[in-house]
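Reading through the structure tokens given below for one structure.
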Amino acid sequence: MRLRFTKMQGAGNDFVVLDGTRAPVELSAEQARRLGDRRFGIGADQILLVEPGRKPGVDFRYRIFNSSGDEVEHCGNGARCFVRYVHDKGLSDKDTLRVETVNNLLELTLRPDGRVTVDMNRPIFALDRVPFDAAGLTPRRLPDTARGFELWPLADLGVEVAVLSMGNPHAVRRVDDVDAAPVAVLGPRVEAHGRFPRRVNAGFLQVLSRREARLRVYERGAGETLACGTGACAAVVAGIRLGWLDRAVEVHARGGDLLIEWPHDEASVLMTGPAETVFEGEIEL
């Protein structure tokens, strides 16, 4: 089949976006891998498939495929690109959209300055919902942490991580310098660790001040990306619960900056950042 596509990026996290609103688009895992391949395809961290909403009060549905071909639950940078896409293609003229993903409902707002704010919903801390197998482990609780948030040991790797979900699983480790952090070596080992039955996104967080941080993320099924929206949210939430960060933090990823806000413990996490079209074209699959 011949597909029209739009290549987009948000803070350097790049996507192939496909329109399934006018006619259904069915992608096999092999076709998703071909689209994401940077040598034999278009090249992207993930593929986004835009579809009509299926629930009352929902404007659209979108599906997310890693470049490995796996369908995944959530992508914050992709959500921002989705909003720009449906506006640029005339699929909606609403500034705020309600969108369903495979396991979530999101509220997305296009701001006058061109940036997009995504309501990322509330973080999930219940270990069985991350999911994370804590059987036999003894966590370390820092003395000043809110609600006793804990760091969990991955003893075979010699590291401690904060564990939570933003609709997808995250393990966050604090480092002194993200440039020197062993992301390429340790990232895939954390991602595939047996304590995470559905694998995990491995975040490496450097705290610059209470309102500023740097972050690198080794993403599940994609490897290290230039930015990870859910990873930035997870890192800031972990930093707040561990007493390291304030409620609004500018996160510097290698591909750009994201503003992450978590107003209070019962609130949704808000993420604001850029979304841009790179180019458009057609590909034969």
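FYI, nothing fancy with the structure tokens labels: chains A, B, ... in order, residues from 1 per chain, ligands from 1 as they appear.
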Would you kindly return, as a PyMOL selection string, each protein, DNA or RNA residue with an atom no farther than 10 Å from any atom of A:Gly223, considering only C-alpha atoms and excluding same-chain residues fewer than 5 positions away? chain A and resi 45+66-68+183-184+187-188+191+201-202+217-218
Residues within 10 Å of A:Val200, only C-alpha atoms, excluding chain neighbours under 3 positions, as an MDAnalysis selection string: chainID A and resid 130:132 163:165 168:172 187:193 195:197 203 218:221
Next, the residues of the selection above should be written as a PDB file, in the first residue's frame with C-alpha atoms.
ATOM      1  CA  VAL A 130       3.364   0.147  36.994  1.00  0.00           C
ATOM      2  CA  PRO A 131       3.981  -2.891  36.904  1.00  0.00           C
ATOM      3  CA  PHE A 132       6.992  -3.611  39.144  1.00  0.00           C
ATOM      4  CA  VAL A 163       9.347   3.575  40.237  1.00  0.00           C
ATOM      5  CA  LEU A 164       6.073   4.980  38.893  1.00  0.00           C
ATOM      6  CA  SER A 165       3.811   5.080  35.851  1.00  0.00           C
ATOM      7  CA  ASN A 168       3.570   3.714  30.889  1.00  0.00           C
ATOM      8  CA  PRO A 169       6.271   2.419  33.272  1.00  0.00           C
ATOM      9  CA  HIS A 170       9.258   4.501  34.391  1.00  0.00           C
ATOM     10  CA  ALA A 171      12.347   3.946  36.515  1.00  0.00           C
ATOM     11  CA  VAL A 172      14.124   7.181  37.460  1.00  0.00           C
ATOM     12  CA  GLY A 187      19.764   2.057  30.035  1.00  0.00           C
ATOM     13  CA  PRO A 188      19.053  -1.191  28.164  1.00  0.00           C
ATOM     14  CA  ARG A 189      19.811  -3.252  31.277  1.00  0.00           C
ATOM     15  CA  VAL A 190      17.260  -1.305  33.327  1.00  0.00           C
ATOM     16  CA  GLU A 191      14.754  -1.359  30.450  1.00  0.00           C
ATOM     17  CA  ALA A 192      14.853  -5.153  30.249  1.00  0.00           C
ATOM     18  CA  HIS A 193      15.231  -5.846  33.979  1.00  0.00           C
ATOM     19  CA  ARG A 195      11.515  -6.726  37.901  1.00  0.00           C
ATOM     20  CA  PHE A 196       9.591  -4.926  35.143  1.00  0.00           C
ATOM     21  CA  PRO A 197       7.382  -7.524  33.419  1.00  0.00           C
ATOM     22  CA  GLY A 203      15.366   7.935  33.143  1.00  0.00           C
ATOM     23  CA  TYR A 218      16.463   5.241  27.392  1.00  0.00           C
ATOM     24  CA  GLU A 219      12.992   4.490  26.064  1.00  0.00           C
ATOM     25  CA  ARG A 220      11.362   1.099  26.041  1.00  0.00           C
ATOM     26  CA  GLY A 221      11.531  -0.270  22.495  1.00  0.00           C
TER      27      GLY A 221
END
I'd like to know which of A:Ile64, A:Lys55, A:Arg198, A:His252 is closest to A:Asp128, using only C-alpha atoms.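 Distance minimum relative to A:Asp128 lands on A:Arg198.
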Apply DSSP to the structure's backbone, then extract all residues of stretch 17-207 of chain A labelled strand (DSSP E) and return them as a PyMOL selection string. chain A and resi 17-19+46-52+60-66+71-72+96-100+105-110+116-119+140-141+150-154+159-165+169-174+201-207
Determine the nearest neighbour of A:Leu106 from the options A:Arg84, A:Arg214, A:Lys94, A:His74, counting only C-alpha atoms.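 Of the candidates, the smallest distance to A:Leu106 is held by A:His74.
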Sort by chain and increasing residue number a table of all residues of stretch 30-114 of chain A within 12 Å of stretch 232-248 of chain A, each with its closest pair of atoms and their distance in Å to one decimal, counting only C-alpha atoms, and write it as a Markdown table.
| residue | atom | partner | partner_atom | distance |
| --- | --- | --- | --- | --- |
| A:His74 | CA | A:Cys233 | CA | 11.9 |
| A:Cys75 | CA | A:Cys233 | CA | 10.8 |
| A:Gly76 | CA | A:Cys233 | CA | 8.7 |
| A:Asn77 | CA | A:Ala232 | CA | 10.0 |
For A:Val118, which residue out of A:Trp152, A:Phe15, A:Phe279, A:Phe82 is the nearest one, using only C-alpha atoms? A:Phe82
Between atom CA of A:Arg4 and atom CA of A:Ala23, what is the spacing in Å?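 The value is 11.9 Å.
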Non-local contacts of A:Pro56 (12 Å; only C-alpha atoms; under 2 positions in same chain excluded) as a ChimeraX atom specification: /A:52-54,58-61,98-100,105
Store the residues of this selection in a file with N, CA and C atoms, as a PDB file, in the first residue's frame.
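Contents of part09.pdb, freshly written:
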ATOM      1  N   PRO A  52     -10.575   8.317  14.240  1.00  0.00           N
ATOM      2  CA  PRO A  52     -11.745   8.973  14.833  1.00  0.00           C
ATOM      3  C   PRO A  52     -11.958   8.495  16.271  1.00  0.00           C
ATOM      4  N   GLY A  53     -12.514   9.370  17.111  1.00  0.00           N
ATOM      5  CA  GLY A  53     -12.856   8.981  18.468  1.00  0.00           C
ATOM      6  C   GLY A  53     -13.956   7.940  18.467  1.00  0.00           C
ATOM      7  N   ARG A  54     -13.955   7.079  19.477  1.00  0.00           N
ATOM      8  CA  ARG A  54     -14.944   6.006  19.556  1.00  0.00           C
ATOM      9  C   ARG A  54     -15.866   6.145  20.753  1.00  0.00           C
ATOM     10  N   VAL A  58     -15.352  12.479  22.957  1.00  0.00           N
ATOM     11  CA  VAL A  58     -13.945  12.333  22.583  1.00  0.00           C
ATOM     12  C   VAL A  58     -13.774  12.746  21.124  1.00  0.00           C
ATOM     13  N   ASP A  59     -12.776  13.598  20.866  1.00  0.00           N
ATOM     14  CA  ASP A  59     -12.581  14.124  19.512  1.00  0.00           C
ATOM     15  C   ASP A  59     -11.836  13.154  18.602  1.00  0.00           C
ATOM     16  N   PHE A  60     -10.812  12.503  19.121  1.00  0.00           N
ATOM     17  CA  PHE A  60      -9.984  11.602  18.315  1.00  0.00           C
ATOM     18  C   PHE A  60      -9.470  10.462  19.186  1.00  0.00           C
ATOM     19  N   ARG A  61      -8.981   9.445  18.495  1.00  0.00           N
ATOM     20  CA  ARG A  61      -8.198   8.381  19.111  1.00  0.00           C
ATOM     21  C   ARG A  61      -6.861   8.355  18.394  1.00  0.00           C
ATOM     22  N   ARG A  98     -10.090  16.466  23.381  1.00  0.00           N
ATOM     23  CA  ARG A  98     -10.102  15.273  24.225  1.00  0.00           C
ATOM     24  C   ARG A  98      -9.796  14.075  23.340  1.00  0.00           C
ATOM     25  N   VAL A  99      -8.791  13.302  23.753  1.00  0.00           N
ATOM     26  CA  VAL A  99      -8.241  12.254  22.901  1.00  0.00           C
ATOM     27  C   VAL A  99      -8.110  10.966  23.700  1.00  0.00           C
ATOM     28  N   GLU A 100      -8.452   9.858  23.067  1.00  0.00           N
ATOM     29  CA  GLU A 100      -8.279   8.558  23.729  1.00  0.00           C
ATOM     30  C   GLU A 100      -7.062   7.846  23.157  1.00  0.00           C
ATOM     31  N   LEU A 105      -7.417   8.724  28.620  1.00  0.00           N
ATOM     32  CA  LEU A 105      -8.047   9.887  28.003  1.00  0.00           C
ATOM     33  C   LEU A 105      -7.179  11.098  28.311  1.00  0.00           C
TER      34      LEU A 105
END
What's around A:Asp95 at 8 Å? Count only C-alpha atoms, leave out sequence neighbours fewer than 2 positions away in its own chain, and write the answer as a VMD selection string. chain A and resid 93 97 109 to 111
Restrict the selected residues to N, CA, C and O atoms and save them as a JSON list (two decimals), in the first residue's frame.
[["chain", "number", "residue", "atom", "x", "y", "z"],
["A", 93, "ASP", "N", -10.76, 22.49, 14.52],
["A", 93, "ASP", "CA", -10.39, 23.87, 14.79],
["A", 93, "ASP", "C", -10.48, 24.19, 16.29],
["A", 93, "ASP", "O", -10.37, 25.35, 16.70],
["A", 97, "LEU", "N", -8.57, 19.65, 22.86],
["A", 97, "LEU", "CA", -9.09, 18.38, 22.34],
["A", 97, "LEU", "C", -9.09, 17.33, 23.43],
["A", 97, "LEU", "O", -8.19, 17.30, 24.28],
["A", 109, "THR", "N", -4.11, 21.04, 24.75],
["A", 109, "THR", "CA", -4.44, 22.43, 24.44],
["A", 109, "THR", "C", -3.34, 23.07, 23.62],
["A", 109, "THR", "O", -2.17, 23.08, 24.02],
["A", 110, "LEU", "N", -3.73, 23.65, 22.47],
["A", 110, "LEU", "CA", -2.81, 24.42, 21.63],
["A", 110, "LEU", "C", -2.79, 25.85, 22.14],
["A", 110, "LEU", "O", -3.81, 26.53, 22.18],
["A", 111, "ARG", "N", -1.61, 26.34, 22.53],
["A", 111, "ARG", "CA", -1.47, 27.67, 23.10],
["A", 111, "ARG", "C", -1.20, 28.70, 22.02],
["A", 111, "ARG", "O", -0.74, 28.36, 20.92]]
Extract the full set of alpha helix (DSSP H) residues from stretch 127-280 of chain A according to DSSP on the backbone, and format it as a PyMOL selection string. chain A and resi 183-191+229-241
Fewer than 2 positions away in the same chain doesn't count, so skip those; otherwise give me all residues within 8 Å of A:Ala44, counting only C-alpha atoms, as a PDB file with C-alpha atoms, in the first residue's frame.
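Wrote out.pdb, looks like this:
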ATOM      1  CA  ASP A  14      10.518  12.453  16.174  1.00  0.00           C
ATOM      2  CA  PHE A  15       7.416  10.797  14.727  1.00  0.00           C
ATOM      3  CA  VAL A  16       5.817   9.566  11.535  1.00  0.00           C
ATOM      4  CA  LEU A  35       8.432   3.301   8.768  1.00  0.00           C
ATOM      5  CA  GLY A  36      10.698   3.865  11.772  1.00  0.00           C
ATOM      6  CA  ASP A  37      13.866   2.564  10.124  1.00  0.00           C
ATOM      7  CA  ARG A  38      16.304   5.445   9.579  1.00  0.00           C
ATOM      8  CA  ILE A  42      11.430   7.270   6.908  1.00  0.00           C
ATOM      9  CA  GLN A  46       7.584   6.300  17.053  1.00  0.00           C
ATOM     10  CA  ILE A  47       4.694   6.090  14.597  1.00  0.00           C
ATOM     11  CA  SER A  67      10.159   1.844  15.929  1.00  0.00           C
TER      12      SER A  67
END
Please provide as a PyMOL selection string all residues within 9 Å of stretch 113-116 of chain A, with the sequence filter that same-chain residues fewer than 4 positions apart are discarded (counting only C-alpha atoms). chain A and resi 79-81+83-84+108-109+271-275
Dump N, CA, C and O atoms for the selected residues as a compact mmCIF listing (two decimals), in the first residue's frame?
# COMPACT_ATOMS: atom_id res chain seq x y z
N ALA A 79 1.86 13.29 21.77
CA ALA A 79 0.56 13.92 21.97
C ALA A 79 0.59 15.37 21.50
O ALA A 79 -0.38 15.87 20.90
N ARG A 80 1.69 16.07 21.76
CA ARG A 80 1.78 17.46 21.29
C ARG A 80 1.82 17.52 19.77
O ARG A 80 1.16 18.37 19.16
N CYS A 81 2.58 16.64 19.15
CA CYS A 81 2.63 16.61 17.69
C CYS A 81 1.26 16.27 17.11
O CYS A 81 0.86 16.81 16.07
N VAL A 83 -1.66 17.16 18.28
CA VAL A 83 -2.49 18.36 18.27
C VAL A 83 -2.14 19.25 17.09
O VAL A 83 -3.02 19.74 16.37
N ARG A 84 -0.85 19.50 16.88
CA ARG A 84 -0.44 20.33 15.75
C ARG A 84 -0.89 19.71 14.43
O ARG A 84 -1.32 20.40 13.50
N LEU A 108 -5.69 18.00 25.56
CA LEU A 108 -4.56 18.63 24.91
C LEU A 108 -4.96 20.03 24.47
O LEU A 108 -6.02 20.21 23.86
N THR A 109 -4.11 21.04 24.75
CA THR A 109 -4.44 22.43 24.44
C THR A 109 -3.34 23.07 23.62
O THR A 109 -2.17 23.08 24.02
N MET A 271 2.25 19.09 30.96
CA MET A 271 3.49 19.20 30.20
C MET A 271 3.29 20.17 29.05
O MET A 271 2.33 20.05 28.29
N THR A 272 4.19 21.16 28.92
CA THR A 272 4.12 22.15 27.85
C THR A 272 5.43 22.14 27.08
O THR A 272 6.51 22.15 27.67
N GLY A 273 5.31 22.12 25.74
CA GLY A 273 6.50 22.11 24.92
C GLY A 273 6.17 22.30 23.45
O GLY A 273 5.00 22.45 23.07
N PRO A 274 7.19 22.27 22.60
CA PRO A 274 7.01 22.53 21.17
C PRO A 274 6.55 21.31 20.39
O PRO A 274 6.67 20.17 20.86
N ALA A 275 6.02 21.56 19.19
CA ALA A 275 5.68 20.50 18.24
C ALA A 275 5.76 21.11 16.85
O ALA A 275 5.14 22.14 16.59
One-decimal distance in Å that lies between atom CA of A:Gly281 and atom CA of A:Ser28: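 Between these atoms lies a distance of 20.1 Å.
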I'd like the neighbourhood of A:Gly255 as a list in words, where a residue qualifies if any of its atoms comes within 6 Å (using only C-alpha atoms), though same-chain residues fewer than 4 positions away should be ignored.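 Listing them by chain and then by number gives Ala11, Gly12, Leu226 and Ala227 of chain A.
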Which is closer to A:Arg63 than all the others in A:Val86, A:Leu3, A:Val25, A:Leu186, using only C-alpha atoms? A:Val25
Can you check which parts of stretch 168-201 of chain A lie within 7 Å of stretch 205-211 of chain A? Per residue, the shortest pair of atoms and distance in Å to one decimal, counting only C-alpha atoms, sorted by chain and number, as CSV.
residue,atom,partner,partner_atom,distance
A:Val172,CA,A:Leu205,CA,6.9
A:Arg173,CA,A:Leu205,CA,6.1
A:Arg174,CA,A:Leu205,CA,4.7
A:Val175,CA,A:Gln206,CA,5.3
A:Asp176,CA,A:Gln206,CA,5.7
A:Asp177,CA,A:Gln206,CA,5.9
A:Val178,CA,A:Gln206,CA,6.0
Could those residues be written to a file, using N, CA, C and O atoms, as an mmCIF file, in the first residue's frame?
data_model
loop_
_atom_site.group_PDB
_atom_site.id
_atom_site.type_symbol
_atom_site.label_atom_id
_atom_site.label_comp_id
_atom_site.auth_asym_id
_atom_site.auth_seq_id
_atom_site.Cartn_x
_atom_site.Cartn_y
_atom_site.Cartn_z
ATOM 1 N N VAL A 172 13.355 5.938 37.488
ATOM 2 C CA VAL A 172 14.124 7.181 37.460
ATOM 3 C C VAL A 172 15.305 7.063 38.412
ATOM 4 O O VAL A 172 15.140 6.750 39.602
ATOM 5 N N ARG A 173 16.475 7.348 37.899
ATOM 6 C CA ARG A 173 17.706 7.336 38.711
ATOM 7 C C ARG A 173 18.314 8.726 38.700
ATOM 8 O O ARG A 173 18.442 9.355 37.644
ATOM 9 N N ARG A 174 18.689 9.239 39.876
ATOM 10 C CA ARG A 174 19.365 10.536 39.946
ATOM 11 C C ARG A 174 20.853 10.358 39.696
ATOM 12 O O ARG A 174 21.473 9.428 40.224
ATOM 13 N N VAL A 175 21.408 11.252 38.871
ATOM 14 C CA VAL A 175 22.838 11.217 38.561
ATOM 15 C C VAL A 175 23.424 12.616 38.768
ATOM 16 O O VAL A 175 22.709 13.615 38.764
ATOM 17 N N ASP A 176 24.730 12.680 38.937
ATOM 18 C CA ASP A 176 25.397 13.970 39.125
ATOM 19 C C ASP A 176 25.544 14.734 37.815
ATOM 20 O O ASP A 176 25.529 15.968 37.807
ATOM 21 N N ASP A 177 25.696 13.998 36.714
ATOM 22 C CA ASP A 177 25.958 14.638 35.421
ATOM 23 C C ASP A 177 25.378 13.738 34.327
ATOM 24 O O ASP A 177 25.886 12.632 34.104
ATOM 25 N N VAL A 178 24.332 14.192 33.638
ATOM 26 C CA VAL A 178 23.716 13.334 32.620
ATOM 27 C C VAL A 178 24.650 13.083 31.444
ATOM 28 O O VAL A 178 24.558 12.045 30.778
#
Expressed in Å to a single decimal, how great is the separation between atom CA of A:Pro112 and atom CA of A:Leu48? 24.0 Å
